[in-house]
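File shown: final.txt (compact mmCIF, C-alpha atoms).
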```
# COMPACT_ATOMS: atom_id res chain seq x y z
CA MET A 1 30.40 -4.81 5.82
CA SER A 2 27.84 -3.78 3.28
CA ALA A 3 26.02 -6.09 0.92
CA THR A 4 25.77 -5.53 -2.81
CA LEU A 5 22.59 -5.66 -4.85
CA VAL A 6 22.88 -5.47 -8.62
CA ILE A 7 19.67 -4.57 -10.47
CA ASN A 8 19.37 -5.23 -14.18
CA GLY A 9 17.38 -2.42 -15.76
CA LYS A 10 16.90 -4.37 -18.99
CA ALA A 11 15.50 -7.53 -17.38
CA PRO A 12 12.07 -8.65 -18.68
CA VAL A 13 10.83 -8.27 -15.09
CA VAL A 14 12.76 -5.48 -13.39
CA ALA A 15 13.48 -6.39 -9.75
CA TYR A 16 11.58 -3.49 -8.21
CA ALA A 17 10.79 -5.51 -5.09
CA GLU A 18 14.50 -6.04 -4.37
CA LEU A 19 15.23 -2.40 -5.13
CA ILE A 20 12.49 -1.14 -2.79
CA ALA A 21 13.55 -3.52 0.00
CA ALA A 22 17.10 -2.18 -0.36
CA ARG A 23 15.80 1.40 -0.26
CA VAL A 24 13.94 0.56 2.96
CA ALA A 25 17.10 -0.99 4.44
CA ASN A 26 19.15 2.08 3.52
CA SER A 27 16.53 4.46 4.90
CA VAL A 28 16.81 2.73 8.29
CA ALA A 29 20.58 2.30 8.22
CA PRO A 30 22.35 4.11 5.36
CA GLY A 31 24.88 1.99 3.52
CA THR A 32 23.29 -1.35 4.43
CA VAL A 33 22.92 -2.35 0.79
CA ASP A 34 25.13 -0.97 -1.97
CA VAL A 35 22.76 -0.80 -4.96
CA GLN A 36 24.34 -1.00 -8.41
CA PHE A 37 22.75 -1.11 -11.84
CA VAL A 38 23.49 -2.88 -15.10
CA ASP A 39 21.66 -2.85 -18.44
CA ASP A 40 22.31 -6.18 -20.07
CA LYS A 41 19.42 -8.39 -21.21
CA LYS A 42 21.55 -11.51 -20.72
CA LEU A 43 22.16 -10.93 -17.01
CA PRO A 44 19.79 -11.99 -14.20
CA ALA A 45 17.17 -9.46 -13.02
CA ALA A 46 19.00 -9.12 -9.72
CA THR A 47 21.96 -10.55 -7.87
CA PHE A 48 22.62 -10.16 -4.18
CA ASN A 49 26.22 -10.66 -3.10
CA GLY A 50 26.79 -12.40 -6.40
CA SER A 51 23.89 -14.84 -6.18
CA ALA A 52 20.81 -14.69 -8.40
CA GLU A 53 18.83 -17.10 -6.18
CA GLY A 54 16.46 -15.99 -3.44
CA THR A 55 17.43 -12.37 -3.91
CA PHE A 56 14.25 -10.85 -2.51
CA ALA A 57 14.36 -12.88 0.71
CA ALA A 58 18.04 -12.01 1.10
CA VAL A 59 17.49 -8.26 0.73
CA VAL A 60 14.55 -8.41 3.14
CA ALA A 61 16.70 -10.29 5.66
CA ALA A 62 19.40 -7.63 5.32
CA ALA A 63 16.78 -4.90 5.83
CA VAL A 64 15.34 -6.62 8.89
CA SER A 65 18.74 -7.08 10.51
CA ALA A 66 19.51 -3.42 9.74
CA GLY A 67 16.49 -2.52 11.87
CA ALA A 68 13.52 -2.49 9.46
CA SER A 69 11.72 -4.91 11.75
CA SER A 70 8.28 -4.14 10.31
CA LEU A 71 9.23 -5.94 7.09
CA ALA A 72 9.31 -9.29 8.89
CA ALA A 73 5.88 -10.90 9.09
CA PRO A 74 4.71 -11.85 12.60
CA ALA A 75 5.03 -15.62 13.19
CA ALA A 76 1.26 -16.10 12.86
CA LEU A 77 1.38 -14.58 9.38
CA SER A 78 4.55 -16.16 8.03
CA ALA A 79 2.63 -18.65 5.86
CA ALA A 80 0.51 -15.84 4.42
CA SER A 81 3.63 -13.78 3.86
CA GLU A 82 5.27 -16.60 1.96
CA HIS A 83 2.10 -17.17 -0.04
CA TRP A 84 1.84 -13.57 -1.22
CA THR A 85 5.56 -13.26 -1.91
CA GLN A 86 5.25 -16.37 -4.04
CA VAL A 87 2.13 -15.06 -5.81
CA ALA A 88 3.98 -11.81 -6.50
CA SER A 89 7.00 -13.39 -8.16
CA SER A 90 5.12 -16.07 -10.11
CA GLU A 91 1.65 -14.70 -10.86
CA LEU A 92 1.67 -10.91 -10.70
CA VAL A 93 4.52 -10.57 -13.18
CA ILE A 94 2.87 -12.49 -16.01
CA LYS A 95 1.59 -10.71 -19.09
CA ASN A 96 -1.29 -13.07 -19.94
CA PHE A 97 -4.21 -10.74 -19.34
CA GLN A 98 -6.72 -13.38 -18.31
CA LYS A 99 -4.42 -15.09 -15.82
CA LEU A 100 -3.19 -11.78 -14.46
CA SER A 101 -6.80 -10.62 -13.98
CA GLN A 102 -7.54 -13.69 -11.87
CA SER A 103 -4.50 -13.11 -9.66
CA LEU A 104 -5.30 -9.43 -9.25
CA GLU A 105 -8.82 -10.33 -8.24
CA LEU A 106 -7.46 -12.53 -5.45
CA LEU A 107 -5.21 -9.72 -4.24
CA ASP A 108 -8.23 -7.41 -4.43
CA ALA A 109 -10.21 -9.78 -2.20
CA GLN A 110 -7.35 -9.88 0.31
CA LEU A 111 -7.48 -6.07 0.43
CA ASN A 112 -11.26 -5.80 0.92
CA LEU A 113 -10.89 -5.32 4.66
CA ARG A 114 -7.14 -4.84 4.97
CA THR A 115 -5.05 -1.73 4.42
CA PHE A 116 -1.93 -3.80 3.76
CA VAL A 117 -1.59 -7.28 2.28
CA LEU A 118 -1.13 -8.99 5.64
CA GLY A 119 -3.34 -6.50 7.50
CA GLY A 120 -1.72 -4.56 10.31
CA LEU A 121 -0.63 -0.95 10.48
CA GLN A 122 2.45 -0.97 8.25
CA TYR A 123 3.56 -2.49 4.99
CA SER A 124 5.52 -5.71 5.17
CA ALA A 125 7.72 -7.66 2.77
CA ALA A 126 4.56 -9.10 1.19
CA ASP A 127 3.46 -5.58 0.18
CA ILE A 128 6.89 -4.82 -1.26
CA ALA A 129 6.87 -8.09 -3.24
CA CYS A 130 3.39 -7.51 -4.67
CA TRP A 131 3.87 -3.79 -5.32
CA GLY A 132 7.24 -4.37 -6.97
CA ALA A 133 5.78 -7.07 -9.22
CA LEU A 134 2.95 -4.81 -10.35
CA ARG A 135 5.37 -1.90 -10.89
CA ALA A 136 7.47 -4.11 -13.11
CA ASN A 137 4.51 -5.42 -15.10
CA GLY A 138 3.64 -3.17 -18.02
CA MET A 139 0.13 -4.66 -18.15
CA CYS A 140 -0.75 -3.28 -14.73
CA GLY A 141 -0.55 0.47 -15.25
CA SER A 142 -3.89 0.81 -16.99
CA ILE A 143 -5.57 -1.89 -14.87
CA ILE A 144 -4.66 0.07 -11.74
CA LYS A 145 -5.63 3.41 -13.26
CA ASN A 146 -8.99 2.09 -14.43
CA LYS A 147 -9.84 0.71 -10.98
CA VAL A 148 -10.63 -2.75 -12.32
CA ASP A 149 -9.72 -4.03 -8.85
CA VAL A 150 -10.47 -1.02 -6.76
CA ASN A 151 -8.83 -2.24 -3.55
CA VAL A 152 -5.62 -2.98 -5.42
CA SER A 153 -5.75 0.50 -6.94
CA ARG A 154 -6.21 2.15 -3.54
CA TRP A 155 -3.41 0.10 -1.94
CA TYR A 156 -1.07 0.69 -4.88
CA THR A 157 -1.72 4.44 -4.80
CA LEU A 158 -1.06 4.60 -1.06
CA LEU A 159 2.33 2.95 -1.33
CA GLU A 160 3.25 5.06 -4.31
CA LEU A 161 2.93 8.08 -1.98
CA ASP A 162 5.82 6.61 0.03
CA PRO A 163 9.07 7.91 -1.53
CA LEU A 164 10.75 4.56 -0.85
CA PHE A 165 8.25 2.98 -3.26
CA GLY A 166 7.33 5.88 -5.53
CA GLY A 167 10.95 7.00 -5.98
CA ALA A 168 12.29 3.59 -7.02
CA HIS A 169 11.48 4.08 -10.69
CA GLU A 170 13.23 7.45 -10.79
CA GLN A 171 16.33 5.97 -9.17
CA LEU A 172 16.38 3.21 -11.77
CA THR A 173 15.79 5.55 -14.71
CA LYS A 174 18.48 7.93 -13.59
CA ALA A 175 20.98 5.11 -13.02
CA LEU A 176 20.30 3.73 -16.50
CA GLN A 177 20.78 7.16 -18.06
CA ASP A 178 24.10 7.48 -16.25
CA LEU A 179 25.15 4.03 -17.51
CA LYS A 180 24.25 5.04 -21.05
CA LYS A 181 26.18 8.28 -20.76
CA ALA A 182 29.19 6.49 -19.33
CA ALA A 183 29.02 3.89 -22.11
CA SER A 184 28.78 6.45 -24.90
CA ALA A 185 31.58 8.50 -23.33
CA GLY A 186 33.67 5.32 -23.30
CA LYS A 187 32.89 4.63 -26.93
CA LYS A 188 33.79 8.16 -27.98
CA LYS A 189 37.08 7.82 -26.18
CA GLU A 190 37.82 4.62 -28.04
CA VAL A 191 36.93 6.25 -31.33
CA HIS A 192 39.08 9.16 -30.38
CA LYS A 193 41.96 6.87 -29.51
CA ALA A 194 41.68 5.10 -32.85
CA MET B 1 -18.55 11.43 24.16
CA LYS B 2 -16.66 14.73 24.08
CA ARG B 3 -14.19 13.42 26.63
CA ALA B 4 -13.64 10.16 24.77
CA MET B 5 -12.96 12.10 21.59
CA SER B 6 -10.25 14.19 23.17
CA ASP B 7 -8.81 10.98 24.63
CA LEU B 8 -8.49 9.49 21.16
CA VAL B 9 -6.96 12.64 19.73
CA ALA B 10 -4.52 12.75 22.64
CA LYS B 11 -3.68 9.11 22.02
CA PHE B 12 -3.11 9.89 18.34
CA GLN B 13 -0.87 12.83 19.19
CA SER B 14 1.17 10.61 21.50
CA LEU B 15 1.98 8.33 18.54
CA SER B 16 4.11 11.11 17.04
CA ILE B 17 2.94 10.54 13.48
CA ALA B 18 4.20 13.71 11.83
CA ALA B 19 1.40 15.86 10.41
CA PRO B 20 2.21 16.13 6.70
CA ALA B 21 2.19 19.38 4.76
CA LEU B 22 -1.12 19.23 2.92
CA SER B 23 -1.60 20.01 -0.75
CA LYS B 24 -4.51 22.24 -1.74
CA GLU B 25 -6.55 19.17 -2.63
CA GLN B 26 -5.76 17.46 0.68
CA SER B 27 -6.66 20.61 2.62
CA ALA B 28 -9.99 20.68 0.82
CA PHE B 29 -10.65 17.04 1.82
CA SER B 30 -9.80 17.87 5.42
CA THR B 31 -12.17 20.86 5.43
CA GLN B 32 -14.89 18.80 3.78
CA TRP B 33 -14.82 16.02 6.39
CA GLN B 34 -14.46 18.42 9.29
CA SER B 35 -17.58 20.25 8.15
CA VAL B 36 -19.51 16.98 7.84
CA LEU B 37 -18.49 16.18 11.41
CA HIS B 38 -19.36 19.58 12.83
CA ALA B 39 -22.71 19.65 11.05
CA GLY B 40 -23.55 16.32 12.70
CA GLN B 41 -23.94 14.72 9.24
CA VAL B 42 -21.65 11.74 9.61
CA GLU B 43 -24.43 9.15 9.56
CA GLN B 44 -26.08 10.79 6.53
CA GLN B 45 -22.73 10.94 4.74
CA LEU B 46 -21.64 7.39 5.50
CA ASP B 47 -22.10 6.26 1.89
CA GLN B 48 -19.98 9.19 0.70
CA LEU B 49 -17.38 8.34 3.30
CA ASN B 50 -17.28 4.76 2.05
CA LEU B 51 -16.94 5.96 -1.53
CA PHE B 52 -14.07 8.26 -0.63
CA LEU B 53 -12.31 5.51 1.31
CA ARG B 54 -12.71 3.20 -1.67
CA ASP B 55 -10.14 5.28 -3.52
CA ASN B 56 -8.15 6.67 -0.61
CA THR B 57 -6.74 4.81 2.36
CA PHE B 58 -7.26 7.81 4.64
CA LEU B 59 -9.69 10.75 4.69
CA VAL B 60 -7.24 13.40 3.61
CA ALA B 61 -5.63 11.20 0.92
CA THR B 62 -2.37 11.12 2.87
CA LEU B 63 0.18 8.35 3.35
CA GLN B 64 -0.58 8.21 7.06
CA PRO B 65 -3.72 9.05 9.03
CA THR B 66 -4.25 12.63 10.20
CA GLU B 67 -6.18 14.12 13.10
CA THR B 68 -9.18 14.46 10.77
CA ASP B 69 -9.24 10.66 10.46
CA VAL B 70 -9.20 10.30 14.24
CA GLN B 71 -12.00 12.85 14.77
CA LEU B 72 -14.27 11.22 12.20
CA PHE B 73 -13.36 7.76 13.49
CA GLU B 74 -14.78 8.72 16.87
CA ALA B 75 -18.19 9.22 15.27
CA VAL B 76 -17.99 6.36 12.77
CA LEU B 77 -16.93 3.58 15.15
CA PRO B 78 -20.30 3.40 17.01
CA LEU B 79 -22.19 3.70 13.70
CA SER B 80 -20.21 0.81 12.25
CA LYS B 81 -20.89 -1.36 15.26
CA GLN B 82 -24.60 -0.55 15.02
CA LEU B 83 -24.66 -1.45 11.33
CA VAL B 84 -23.12 -4.86 11.97
CA ALA B 85 -25.23 -5.52 15.09
CA SER B 86 -28.53 -4.52 13.53
CA THR B 87 -28.52 -7.00 10.66
CA LYS B 88 -28.46 -10.71 10.11
CA ASP B 89 -27.09 -10.20 6.64
CA THR B 90 -23.54 -9.43 7.71
CA LYS B 91 -22.21 -10.05 4.25
CA ASP B 92 -24.47 -7.42 2.80
CA VAL B 93 -23.40 -4.77 5.31
CA TYR B 94 -19.75 -5.68 4.87
CA ALA B 95 -20.05 -5.45 1.10
CA LYS B 96 -21.75 -2.07 1.30
CA TYR B 97 -19.41 -0.52 3.86
CA ARG B 98 -16.21 -2.51 3.32
CA HIS B 99 -14.04 0.58 2.93
CA VAL B 100 -15.37 2.26 6.04
CA PHE B 101 -14.83 -0.95 8.00
CA ARG B 102 -11.29 -1.36 6.72
CA TRP B 103 -10.52 2.21 7.75
CA VAL B 104 -12.23 1.82 11.16
CA ASP B 105 -10.23 -1.35 11.74
CA TYR B 106 -6.96 0.41 10.94
CA LEU B 107 -7.71 3.26 13.34
CA GLN B 108 -8.99 1.09 16.17
CA GLN B 109 -5.74 -0.88 16.01
CA LEU B 110 -3.63 2.26 15.74
CA LEU B 111 -5.39 3.96 18.65
CA GLN B 112 -5.46 0.74 20.69
CA VAL B 113 -9.19 0.88 21.31
CA PRO B 114 -9.94 -1.71 24.01
CA GLY B 115 -11.10 -5.01 22.52
CA ALA B 116 -14.60 -4.80 23.98
CA ASP B 117 -15.15 -1.39 22.34
CA GLN B 118 -13.84 -2.43 18.94
CA LEU B 119 -15.75 -3.26 15.80
CA ALA B 120 -15.29 -7.04 15.57
CA LEU B 121 -14.31 -7.68 11.98
CA ASN B 122 -13.96 -10.92 10.06
CA HIS B 123 -11.16 -9.97 7.67
CA ASP B 124 -11.61 -13.12 5.60
CA LEU B 125 -15.32 -12.87 4.93
CA GLU B 126 -15.73 -13.47 1.21
CA LEU B 127 -17.30 -10.47 -0.45
CA PRO B 128 -18.39 -10.01 -4.04
CA HIS B 129 -15.81 -8.34 -6.26
CA GLU B 130 -16.64 -4.65 -6.42
CA VAL B 131 -17.22 -3.29 -9.88
CA VAL B 132 -16.53 0.39 -10.36
CA GLU B 133 -18.88 1.86 -12.94
```
Encoded form (structure tokens):
Amino acid sequence: MSATLVINGKAPVVAYAELIAARVANSVAPGTVDVQFVDDKKLPAATFNGSAEGTFAAVVAAAVSAGASSLAAPAALSAASEHWTQVASSELVIKNFQKLSQSLELLDAQLNLRTFVLGGLQYSAADIACWGALRANGMCGSIIKNKVDVNVSRWYTLLELDPLFGGAHEQLTKALQDLKKAASAGKKKEVHKA
Amino acid sequence: MKRAMSDLVAKFQSLSIAAPALSKEQSAFSTQWQSVLHAGQVEQQLDQLNLFLRDNTFLVATLQPTETDVQLFEAVLPLSKQLVASTKDTKDVYAKYRHVFRWVDYLQQLLQVPGADQLALNHDLELPHEVVE
């Protein structure tokens, strides 16, 4: 039975992390997560099987049980994983430049001698959480481009090369265009009917 | 030395990391680093290597390491160990060559270099924030 993730393209913080985790799950086992899109400011950023709570952890769990075992942090790093996932959802999404700069500097320090957020040879859920938060934060584009935190810029650029990360925005944009088209087609029909 | 190098390349090939199709720019990077290696200029170019790895995770600007990374790694690993061993100011060396060390650490893990031959790295050493001019 497949799970359903609904992403709200009009949310103040678009749930890129959830979307990417679902893309990873589906790349390992197609059909693991049915990803749907809505564009309604009033709805939550994401719901997973109808719930808006703990969506990222739930998608990651679905991905891990589908076989994306590298997303799960090794036991020794589970506290660090939780820490960075928490930082991502609370601190990397904010738009206050000064506060955001401080958080990015901490991520930069973590990446001084690590290729990925938790170290190791592959990205984990912590990378997806942080990358997704930065992707969703309009403040970050120029900060990353200008190499203010050069390790963050290098890490971000690497993951963007991965189609599962880099292609998430295109998937979202295309889905939102389709929604718009469907909506305007619906409206025309109504007008036509009347 | 020669033998060890082919061992590492063989190890890398056994990992079945698909060699990506390289863009023109990536091919140029590959050629550039290969020529540094073959000219015996790795030590002289270590600062350049660090600068390149500041902005790129791997030497050919790919998503995953390539054989060029492995070949250069063979030469850079002993140099990195010397750098750390020959100073008391570890922090200074780390700060100067942080990107090389990060890359060396990735490859020594990937290639399962025996612990005694590895560059021992303190991942949590606090380094000054790097400012890009």
### Task
May I have the residues of chain B within 12 Å of chain A, counting only C-alpha atoms, written as JSON, numbers by chain?
{"B": [20, 51, 52, 53, 54, 55, 56, 57, 58, 60, 61, 62, 63, 64, 65, 94, 95, 96, 97, 98, 99, 100, 101, 102, 103, 104, 105, 106, 107, 108, 109, 110, 111, 112, 120, 121, 122, 123, 124, 125, 126, 127, 128, 129, 130, 131, 132, 133]}
May I have the residues from that selection written out with C-alpha atoms, as an mmCIF file, in the frame of the given file?
```cif
data_model
loop_
_atom_site.group_PDB
_atom_site.id
_atom_site.type_symbol
_atom_site.label_atom_id
_atom_site.label_comp_id
_atom_site.auth_asym_id
_atom_site.auth_seq_id
_atom_site.Cartn_x
_atom_site.Cartn_y
_atom_site.Cartn_z
ATOM 1 C CA PRO B 20 2.210 16.130 6.700
ATOM 2 C CA LEU B 51 -16.940 5.960 -1.530
ATOM 3 C CA PHE B 52 -14.070 8.260 -0.630
ATOM 4 C CA LEU B 53 -12.310 5.510 1.310
ATOM 5 C CA ARG B 54 -12.710 3.200 -1.670
ATOM 6 C CA ASP B 55 -10.140 5.280 -3.520
ATOM 7 C CA ASN B 56 -8.150 6.670 -0.610
ATOM 8 C CA THR B 57 -6.740 4.810 2.360
ATOM 9 C CA PHE B 58 -7.260 7.810 4.640
ATOM 10 C CA VAL B 60 -7.240 13.400 3.610
ATOM 11 C CA ALA B 61 -5.630 11.200 0.920
ATOM 12 C CA THR B 62 -2.370 11.120 2.870
ATOM 13 C CA LEU B 63 0.180 8.350 3.350
ATOM 14 C CA GLN B 64 -0.580 8.210 7.060
ATOM 15 C CA PRO B 65 -3.720 9.050 9.030
ATOM 16 C CA TYR B 94 -19.750 -5.680 4.870
ATOM 17 C CA ALA B 95 -20.050 -5.450 1.100
ATOM 18 C CA LYS B 96 -21.750 -2.070 1.300
ATOM 19 C CA TYR B 97 -19.410 -0.520 3.860
ATOM 20 C CA ARG B 98 -16.210 -2.510 3.320
ATOM 21 C CA HIS B 99 -14.040 0.580 2.930
ATOM 22 C CA VAL B 100 -15.370 2.260 6.040
ATOM 23 C CA PHE B 101 -14.830 -0.950 8.000
ATOM 24 C CA ARG B 102 -11.290 -1.360 6.720
ATOM 25 C CA TRP B 103 -10.520 2.210 7.750
ATOM 26 C CA VAL B 104 -12.230 1.820 11.160
ATOM 27 C CA ASP B 105 -10.230 -1.350 11.740
ATOM 28 C CA TYR B 106 -6.960 0.410 10.940
ATOM 29 C CA LEU B 107 -7.710 3.260 13.340
ATOM 30 C CA GLN B 108 -8.990 1.090 16.170
ATOM 31 C CA GLN B 109 -5.740 -0.880 16.010
ATOM 32 C CA LEU B 110 -3.630 2.260 15.740
ATOM 33 C CA LEU B 111 -5.390 3.960 18.650
ATOM 34 C CA GLN B 112 -5.460 0.740 20.690
ATOM 35 C CA ALA B 120 -15.290 -7.040 15.570
ATOM 36 C CA LEU B 121 -14.310 -7.680 11.980
ATOM 37 C CA ASN B 122 -13.960 -10.920 10.060
ATOM 38 C CA HIS B 123 -11.160 -9.970 7.670
ATOM 39 C CA ASP B 124 -11.610 -13.120 5.600
ATOM 40 C CA LEU B 125 -15.320 -12.870 4.930
ATOM 41 C CA GLU B 126 -15.730 -13.470 1.210
ATOM 42 C CA LEU B 127 -17.300 -10.470 -0.450
ATOM 43 C CA PRO B 128 -18.390 -10.010 -4.040
ATOM 44 C CA HIS B 129 -15.810 -8.340 -6.260
ATOM 45 C CA GLU B 130 -16.640 -4.650 -6.420
ATOM 46 C CA VAL B 131 -17.220 -3.290 -9.880
ATOM 47 C CA VAL B 132 -16.530 0.390 -10.360
ATOM 48 C CA GLU B 133 -18.880 1.860 -12.940
#
```
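Taking atom CA of Thr31 of chain B and atom CA of Asp47 of chain B as the two end points, the separation is 18.0 Å.
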### Query
Rounded to one decimal in Å, what is the spacing between atom CA of Gln82 of chain B and atom CA of Gln13 of chain B?
27.6 Å
### Task
Identify which of the residues A:Leu19, A:Ala76, A:Asp39, A:Ala52 lies closest to Gln177 of chain A, counting all atoms listed in the file when measuring atom-to-atom distances.
A:Asp39
Mind checking which residues fall within 12 Å of Ser69 of chain A, counting only C-alpha atoms, ignoring those fewer than 5 positions away in the same chain, and posting them as an mmCIF file with C-alpha atoms, in the frame of the given file?
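Listing of part-v8.cif after writing:
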```
data_model
loop_
_atom_site.group_PDB
_atom_site.id
_atom_site.type_symbol
_atom_site.label_atom_id
_atom_site.label_comp_id
_atom_site.auth_asym_id
_atom_site.auth_seq_id
_atom_site.Cartn_x
_atom_site.Cartn_y
_atom_site.Cartn_z
ATOM 1 C CA ALA A 21 13.550 -3.520 0.000
ATOM 2 C CA VAL A 24 13.940 0.560 2.960
ATOM 3 C CA ALA A 25 17.100 -0.990 4.440
ATOM 4 C CA VAL A 28 16.810 2.730 8.290
ATOM 5 C CA ALA A 29 20.580 2.300 8.220
ATOM 6 C CA VAL A 60 14.550 -8.410 3.140
ATOM 7 C CA ALA A 61 16.700 -10.290 5.660
ATOM 8 C CA ALA A 62 19.400 -7.630 5.320
ATOM 9 C CA ALA A 63 16.780 -4.900 5.830
ATOM 10 C CA VAL A 64 15.340 -6.620 8.890
ATOM 11 C CA PRO A 74 4.710 -11.850 12.600
ATOM 12 C CA GLN A 122 2.450 -0.970 8.250
ATOM 13 C CA TYR A 123 3.560 -2.490 4.990
ATOM 14 C CA SER A 124 5.520 -5.710 5.170
ATOM 15 C CA ALA A 125 7.720 -7.660 2.770
#
```
### Query
Hey, which of B:Leu59, B:Lys88, B:Leu46, B:Asp7 ends up closest to Glu74 of chain B? Count all atoms listed in the file.
B:Asp7
### Query
How many Å separate atom CA of Ile143 of chain A from atom CA of Leu104 of chain A?
9.4 Å
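Closest approach to Phe56 of chain A among A:Lys41, A:Glu82, A:Ala15, A:Ala72: A:Ala15, based on all atoms listed in the file.
The shortest atom-to-atom distance to Asn137 of chain A, with only C-alpha atoms taken into account, belongs to A:Ser89 out of A:Ser89, A:Val117, A:Ser2, A:Glu170.
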Exercise on segment 150-155 of chain A, axis-aligned box with 8 Å per side, report centre and edge lengths in Å to one decimal, as JSON:
```
{"center_x": -6.9, "center_y": -0.4, "center_z": -4.4, "size_x": 23.1, "size_y": 21.1, "size_z": 21.0}
```
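Between Gln45 of chain B and the residues B:Ala75, B:Lys81, B:Asp92, B:Leu22, the shortest atom-to-atom distance, using all atoms listed in the file, involves B:Ala75.
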